[in-house]
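**Q** This is the structure, below, for whatever I ask next.
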Amino acid sequence: MSVPTIHHSEYDAALPAGHRFPMGKFARLAALLEAEGLVPNGFVTPAPATRGQLIRAHDPAYVEAVLAAAVDPAMERRIGLPITPPVARRAAAAAGGTIETARQALRRGIACNTAGGSHHAAAEAGSGFCVFNDVAVAIRALQDEGRVARALIVDCDVHHGDGSALIFAGDASVFTLSIHCAANFPTRKPPGSLDVALPRGTDDAAYLAALDAALANAFARFAPDIVFYNAGVDPHADDALGLLRVTDEGLAARERLVCAAVRGRGLPLAIVMGGGYGPDLDAIARRHLLVHCEAARHLSEQ
C-alpha cells in the first residue's frame, strides 16, 4: 500500500522574481515523489477549504479579505507574500489539503500533504509567509465532523509555532508542542502547551535528545485522537533561515523518531511539510522527501 499523499496544482502560486519564499519547492517535491515511485496510484487532490471551514479557525473579516485578494498593504507586509488571487487560492487549497490529509490518516494510519504547516497564521492575521493556519483549520473541521475530539500538534519547524499557540490558547482539546530555535523568528513567542527552545547551533545529537524527551512529555500529559506533524526541514544546517546544525542524517533520524512515537501508540499521523528555505529548490525538496520515505516504510510494516 502507498501512503495517501495529498497534492494540488495550486500549491505553486507565482511570486515576484527573487522572492525569498521558495514556492517552487512544492512542485519539485511532487515530481520527486513520482520519480521515486512513492505515489503509484497518483496524488489525492483535495477540495480547497471553504469559507465556513476557514472561519472556524480565523476571523471572518480576515478570511473574506484574503479570499477576495483584498488584504491591505500592512497585512501583506506582515504576511510577507503578495495576496494575489493565485496566492489566495493556494492558501485555501493548502488548508483543504491538510483537512484531507487528516481524513486519510484516520482511515489509513498515516498520510502526507505536500504543503501545509503554516503555523504563524493566527486567528485574525497571517504572518511569516503563512496565510491560513491549515492545521488549525483541519483540527476544527475534524472536530466539527465528530471524527476527533483531541489533537496533538508536534511542530518541528525551526520557528516557534506562535499562530497555533494563540489559536488554541486555553483550549484543552488541543496540545501544541513546538521545538524550535530560541534565537529565531518570531521575536514574541506566546506559550503553547509545551515549548522547547533550542540554542543556536544545536547539532543532531542534542536536537534528537530534546525531541525524544519532548515527545515522551507530551504523550505523558495528553491523550490525542490524532497527531499532526509539522515536518519543517529548516532546522537543517544549510537552511537560509535556520540557525541550527541538523544534518540530512539528523532529519532522517527525526522522521523515524516521530513516526515511531506516534504510530507505535497506534495513533493516526497527519504530516505537513512546514518550512525549508534557500535558493536550491532540489536540495530543499529532497529534505522534504525524507518524511515521505519514512511514512512509506511505516505503512509497509503495518
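So you can find residues: chains in the C-alpha cells are A, B, ... in the order shown, residues in each start at 1, and ligands are numbered from 1 in order.
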Based on DSSP run over this structure's backbone, return all residues of range 50-136 of chain A in strand (DSSP E), as a ChimeraX atom specification.

**A** /A:110-113

**Q** If we count only C-alpha atoms and set the cut-off at 10 Å, which residues sit around Ala136 in chain A, ignoring sequence neighbours fewer than 2 positions away in its own chain? Please answer as a PDB file with N, CA and C atoms, in the first residue's frame.

**A**
```pdb
ATOM      1  N   LEU A  54     -12.746  27.781   7.073  1.00  0.00           N
ATOM      2  CA  LEU A  54     -11.690  28.727   7.430  1.00  0.00           C
ATOM      3  C   LEU A  54     -12.072  29.592   8.625  1.00  0.00           C
ATOM      4  N   ARG A  56     -13.737  28.841  11.152  1.00  0.00           N
ATOM      5  CA  ARG A  56     -13.691  28.131  12.428  1.00  0.00           C
ATOM      6  C   ARG A  56     -12.355  28.343  13.133  1.00  0.00           C
ATOM      7  N   ALA A  57     -11.334  28.719  12.371  1.00  0.00           N
ATOM      8  CA  ALA A  57     -10.021  28.993  12.959  1.00  0.00           C
ATOM      9  C   ALA A  57      -9.591  30.444  12.813  1.00  0.00           C
ATOM     10  N   HIS A  58     -10.258  31.194  11.911  1.00  0.00           N
ATOM     11  CA  HIS A  58      -9.829  32.554  11.605  1.00  0.00           C
ATOM     12  C   HIS A  58     -10.991  33.540  11.666  1.00  0.00           C
ATOM     13  N   ALA A  95      -4.952  24.522   2.994  1.00  0.00           N
ATOM     14  CA  ALA A  95      -5.776  24.200   4.160  1.00  0.00           C
ATOM     15  C   ALA A  95      -6.689  23.010   3.870  1.00  0.00           C
ATOM     16  N   THR A  98      -4.687  19.837   4.055  1.00  0.00           N
ATOM     17  CA  THR A  98      -4.435  19.311   5.388  1.00  0.00           C
ATOM     18  C   THR A  98      -5.686  18.676   5.982  1.00  0.00           C
ATOM     19  N   ILE A  99      -6.862  19.220   5.675  1.00  0.00           N
ATOM     20  CA  ILE A  99      -8.100  18.549   6.085  1.00  0.00           C
ATOM     21  C   ILE A  99      -8.148  17.142   5.480  1.00  0.00           C
ATOM     22  N   GLY A 117       1.495  23.385   7.054  1.00  0.00           N
ATOM     23  CA  GLY A 117       2.389  23.750   8.143  1.00  0.00           C
ATOM     24  C   GLY A 117       2.522  25.244   8.328  1.00  0.00           C
ATOM     25  N   SER A 118       1.477  25.994   7.981  1.00  0.00           N
ATOM     26  CA  SER A 118       1.526  27.470   8.070  1.00  0.00           C
ATOM     27  C   SER A 118       1.204  27.918   9.496  1.00  0.00           C
ATOM     28  N   HIS A 119       2.150  27.671  10.384  1.00  0.00           N
ATOM     29  CA  HIS A 119       1.902  27.781  11.825  1.00  0.00           C
ATOM     30  C   HIS A 119       2.028  29.191  12.391  1.00  0.00           C
ATOM     31  N   ALA A 121       0.253  31.759  11.174  1.00  0.00           N
ATOM     32  CA  ALA A 121      -1.035  32.428  10.993  1.00  0.00           C
ATOM     33  C   ALA A 121      -1.875  32.287  12.259  1.00  0.00           C
ATOM     34  N   ALA A 122      -2.281  33.418  12.811  1.00  0.00           N
ATOM     35  CA  ALA A 122      -3.151  33.446  13.987  1.00  0.00           C
ATOM     36  C   ALA A 122      -4.589  33.669  13.520  1.00  0.00           C
ATOM     37  N   ALA A 123      -5.508  33.799  14.471  1.00  0.00           N
ATOM     38  CA  ALA A 123      -6.917  33.889  14.105  1.00  0.00           C
ATOM     39  C   ALA A 123      -7.224  35.107  13.234  1.00  0.00           C
ATOM     40  N   PHE A 132      -3.234  31.118   6.005  1.00  0.00           N
ATOM     41  CA  PHE A 132      -4.190  30.416   6.859  1.00  0.00           C
ATOM     42  C   PHE A 132      -3.458  29.317   7.621  1.00  0.00           C
ATOM     43  N   ASN A 133      -3.811  29.139   8.884  1.00  0.00           N
ATOM     44  CA  ASN A 133      -3.211  28.080   9.702  1.00  0.00           C
ATOM     45  C   ASN A 133      -3.917  26.768   9.351  1.00  0.00           C
ATOM     46  N   ASP A 134      -3.350  26.055   8.387  1.00  0.00           N
ATOM     47  CA  ASP A 134      -4.025  24.878   7.839  1.00  0.00           C
ATOM     48  C   ASP A 134      -4.255  23.784   8.868  1.00  0.00           C
ATOM     49  N   ALA A 138      -7.855  22.321   9.929  1.00  0.00           N
ATOM     50  CA  ALA A 138      -8.144  20.882   9.851  1.00  0.00           C
ATOM     51  C   ALA A 138      -8.641  20.331  11.181  1.00  0.00           C
ATOM     52  N   ILE A 139      -8.044  20.756  12.273  1.00  0.00           N
ATOM     53  CA  ILE A 139      -8.487  20.274  13.587  1.00  0.00           C
ATOM     54  C   ILE A 139      -9.933  20.673  13.829  1.00  0.00           C
ATOM     55  N   ARG A 140     -10.268  21.919  13.562  1.00  0.00           N
ATOM     56  CA  ARG A 140     -11.654  22.354  13.760  1.00  0.00           C
ATOM     57  C   ARG A 140     -12.613  21.610  12.826  1.00  0.00           C
ATOM     58  N   ALA A 141     -12.183  21.349  11.588  1.00  0.00           N
ATOM     59  CA  ALA A 141     -13.047  20.619  10.659  1.00  0.00           C
ATOM     60  C   ALA A 141     -13.311  19.202  11.165  1.00  0.00           C
ATOM     61  N   ALA A 151      -6.575  16.681  19.693  1.00  0.00           N
ATOM     62  CA  ALA A 151      -5.496  16.648  18.706  1.00  0.00           C
ATOM     63  C   ALA A 151      -4.202  17.147  19.317  1.00  0.00           C
ATOM     64  N   ILE A 153      -0.424  18.614  18.210  1.00  0.00           N
ATOM     65  CA  ILE A 153       0.439  19.159  17.160  1.00  0.00           C
ATOM     66  C   ILE A 153       1.887  18.981  17.593  1.00  0.00           C
ATOM     67  N   GLY A 163       1.356  31.104  15.881  1.00  0.00           N
ATOM     68  CA  GLY A 163      -0.044  31.200  15.492  1.00  0.00           C
ATOM     69  C   GLY A 163      -0.876  30.073  16.069  1.00  0.00           C
ATOM     70  N   SER A 164      -0.341  28.867  16.042  1.00  0.00           N
ATOM     71  CA  SER A 164      -1.057  27.722  16.619  1.00  0.00           C
ATOM     72  C   SER A 164      -1.229  27.899  18.120  1.00  0.00           C
ATOM     73  N   ALA A 165      -0.192  28.376  18.796  1.00  0.00           N
ATOM     74  CA  ALA A 165      -0.286  28.593  20.242  1.00  0.00           C
ATOM     75  C   ALA A 165      -1.383  29.597  20.569  1.00  0.00           C
ATOM     76  N   ILE A 167      -4.074  30.457  18.616  1.00  0.00           N
ATOM     77  CA  ILE A 167      -5.401  29.952  18.258  1.00  0.00           C
ATOM     78  C   ILE A 167      -5.934  28.989  19.316  1.00  0.00           C
ATOM     79  N   PHE A 168      -5.053  28.146  19.861  1.00  0.00           N
ATOM     80  CA  PHE A 168      -5.501  27.105  20.782  1.00  0.00           C
ATOM     81  C   PHE A 168      -5.238  27.433  22.255  1.00  0.00           C
ATOM     82  N   VAL A 174      -6.716  20.624  22.487  1.00  0.00           N
ATOM     83  CA  VAL A 174      -5.570  20.642  21.578  1.00  0.00           C
ATOM     84  C   VAL A 174      -4.303  20.906  22.375  1.00  0.00           C
ATOM     85  N   PHE A 228      -0.870  15.740  14.414  1.00  0.00           N
ATOM     86  CA  PHE A 228      -0.430  16.496  13.251  1.00  0.00           C
ATOM     87  C   PHE A 228       1.057  16.781  13.417  1.00  0.00           C
TER      88      PHE A 228
END
```

**Q** Ranking A:Gly109, A:Gly24, A:Pro224, A:Pro85 by minimum distance to Arg263 in chain A and counting only C-alpha atoms, which one comes first?

**A**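 Counting only C-alpha atoms, the residue closest to Arg263 in chain A is A:Gly109.
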
**Q** Rank nothing, just name the residue among A:Ile226, A:Val158, A:Leu251, A:Leu289 nearest to Leu142 in chain A, using only C-alpha atoms.

**A**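 Closest to Leu142 in chain A, using only C-alpha atoms: A:Ile226.
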
**Q** Neighbours of Ala91 in chain A within 10 Å (only C-alpha atoms; same-chain residues fewer than 2 positions away dropped), as a count of residues only?

**A** 26

**Q** As a ChimeraX atom specification, please: every residue in range 58-237 of chain A that DSSP puts in helix (DSSP H, G or I).

**A** /A:60-67,73-79,85-108,134-144,162-167,204-221

**Q** Tell me, in Å to one decimal, how far CA of Glu301 in chain A is from CA of Ile110 in chain A.

**A**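 Taking CA of Glu301 in chain A and CA of Ile110 in chain A, their separation equals 12.0 Å.
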
**Q** What's the separation between CA of Ala223 in chain A and CA of Gly275 in chain A, in Å to one decimal place?

**A**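 Pair CA of Ala223 in chain A / CA of Gly275 in chain A returns 26.9 Å.
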
**Q** Would you list the contacts of range 30-39 of chain A as a list in words, taking every protein, DNA or RNA residue within 9 Å and counting only C-alpha atoms, but skipping same-chain residues closer than 3 positions in sequence?

**A**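 Listing them by chain and then by number gives Ser2, Val3, Pro4, Thr5, His7, Lys25, Phe26, Ala27, Gly42, Phe43, Thr114, Asp282, Ala285, Arg286, Leu289, His292, Cys293 and Ala296 of chain A.
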
**Q** Mind writing the picked residues with C-alpha atoms as a PDB file, in the first residue's frame?

**A**
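The resulting file, part_35.pdb, is reproduced below:
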```
ATOM      1  CA  SER A   2       1.193   3.517  -0.760  1.00  0.00           C
ATOM      2  CA  VAL A   3       0.910   6.411   1.645  1.00  0.00           C
ATOM      3  CA  PRO A   4      -2.061   8.654   0.814  1.00  0.00           C
ATOM      4  CA  THR A   5      -0.321  11.765  -0.485  1.00  0.00           C
ATOM      5  CA  HIS A   7      -1.221  17.467  -3.600  1.00  0.00           C
ATOM      6  CA  LYS A  25       9.659  23.531  -3.834  1.00  0.00           C
ATOM      7  CA  PHE A  26       6.142  22.077  -3.722  1.00  0.00           C
ATOM      8  CA  ALA A  27       6.119  21.159  -7.403  1.00  0.00           C
ATOM      9  CA  GLY A  42      -1.291   9.151  -8.049  1.00  0.00           C
ATOM     10  CA  PHE A  43      -1.934  12.035  -5.706  1.00  0.00           C
ATOM     11  CA  THR A 114       2.971  18.047   0.053  1.00  0.00           C
ATOM     12  CA  ASP A 282      16.110  20.469  -5.362  1.00  0.00           C
ATOM     13  CA  ALA A 285      12.650  19.150  -1.862  1.00  0.00           C
ATOM     14  CA  ARG A 286      14.949  16.191  -1.128  1.00  0.00           C
ATOM     15  CA  LEU A 289      11.182  13.795   0.716  1.00  0.00           C
ATOM     16  CA  HIS A 292       7.539  10.745   2.870  1.00  0.00           C
ATOM     17  CA  CYS A 293      10.050   7.899   2.646  1.00  0.00           C
ATOM     18  CA  ALA A 296       6.051   4.773   3.351  1.00  0.00           C
TER      19      ALA A 296
END
```

**Q** Between CA of Arg77 in chain A and CA of Gly18 in chain A, what is the spacing in Å?

**A**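 Here the two named atoms are 16.0 Å from each other.
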
**Q** Give the answer as one residue: which of A:Asp225, A:Ala283, A:Ala206, A:Gly266 has the shortest atom-to-atom distance to Asp238 in chain A, using only C-alpha atoms?

**A**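 Answer, going by the shortest atom-to-atom distance: A:Ala283.
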
**Q** With a distance cut-off of 12 Å and only C-alpha atoms, select the neighbouring residues of range 182-197 of chain A, excluding the residue or stretch itself and same-chain residues fewer than 5 positions from it, and output the selection as a PyMOL selection string.

**A** chain A and resi 78+119-122+127-129+152-177+202+206-222+234-235+240-244
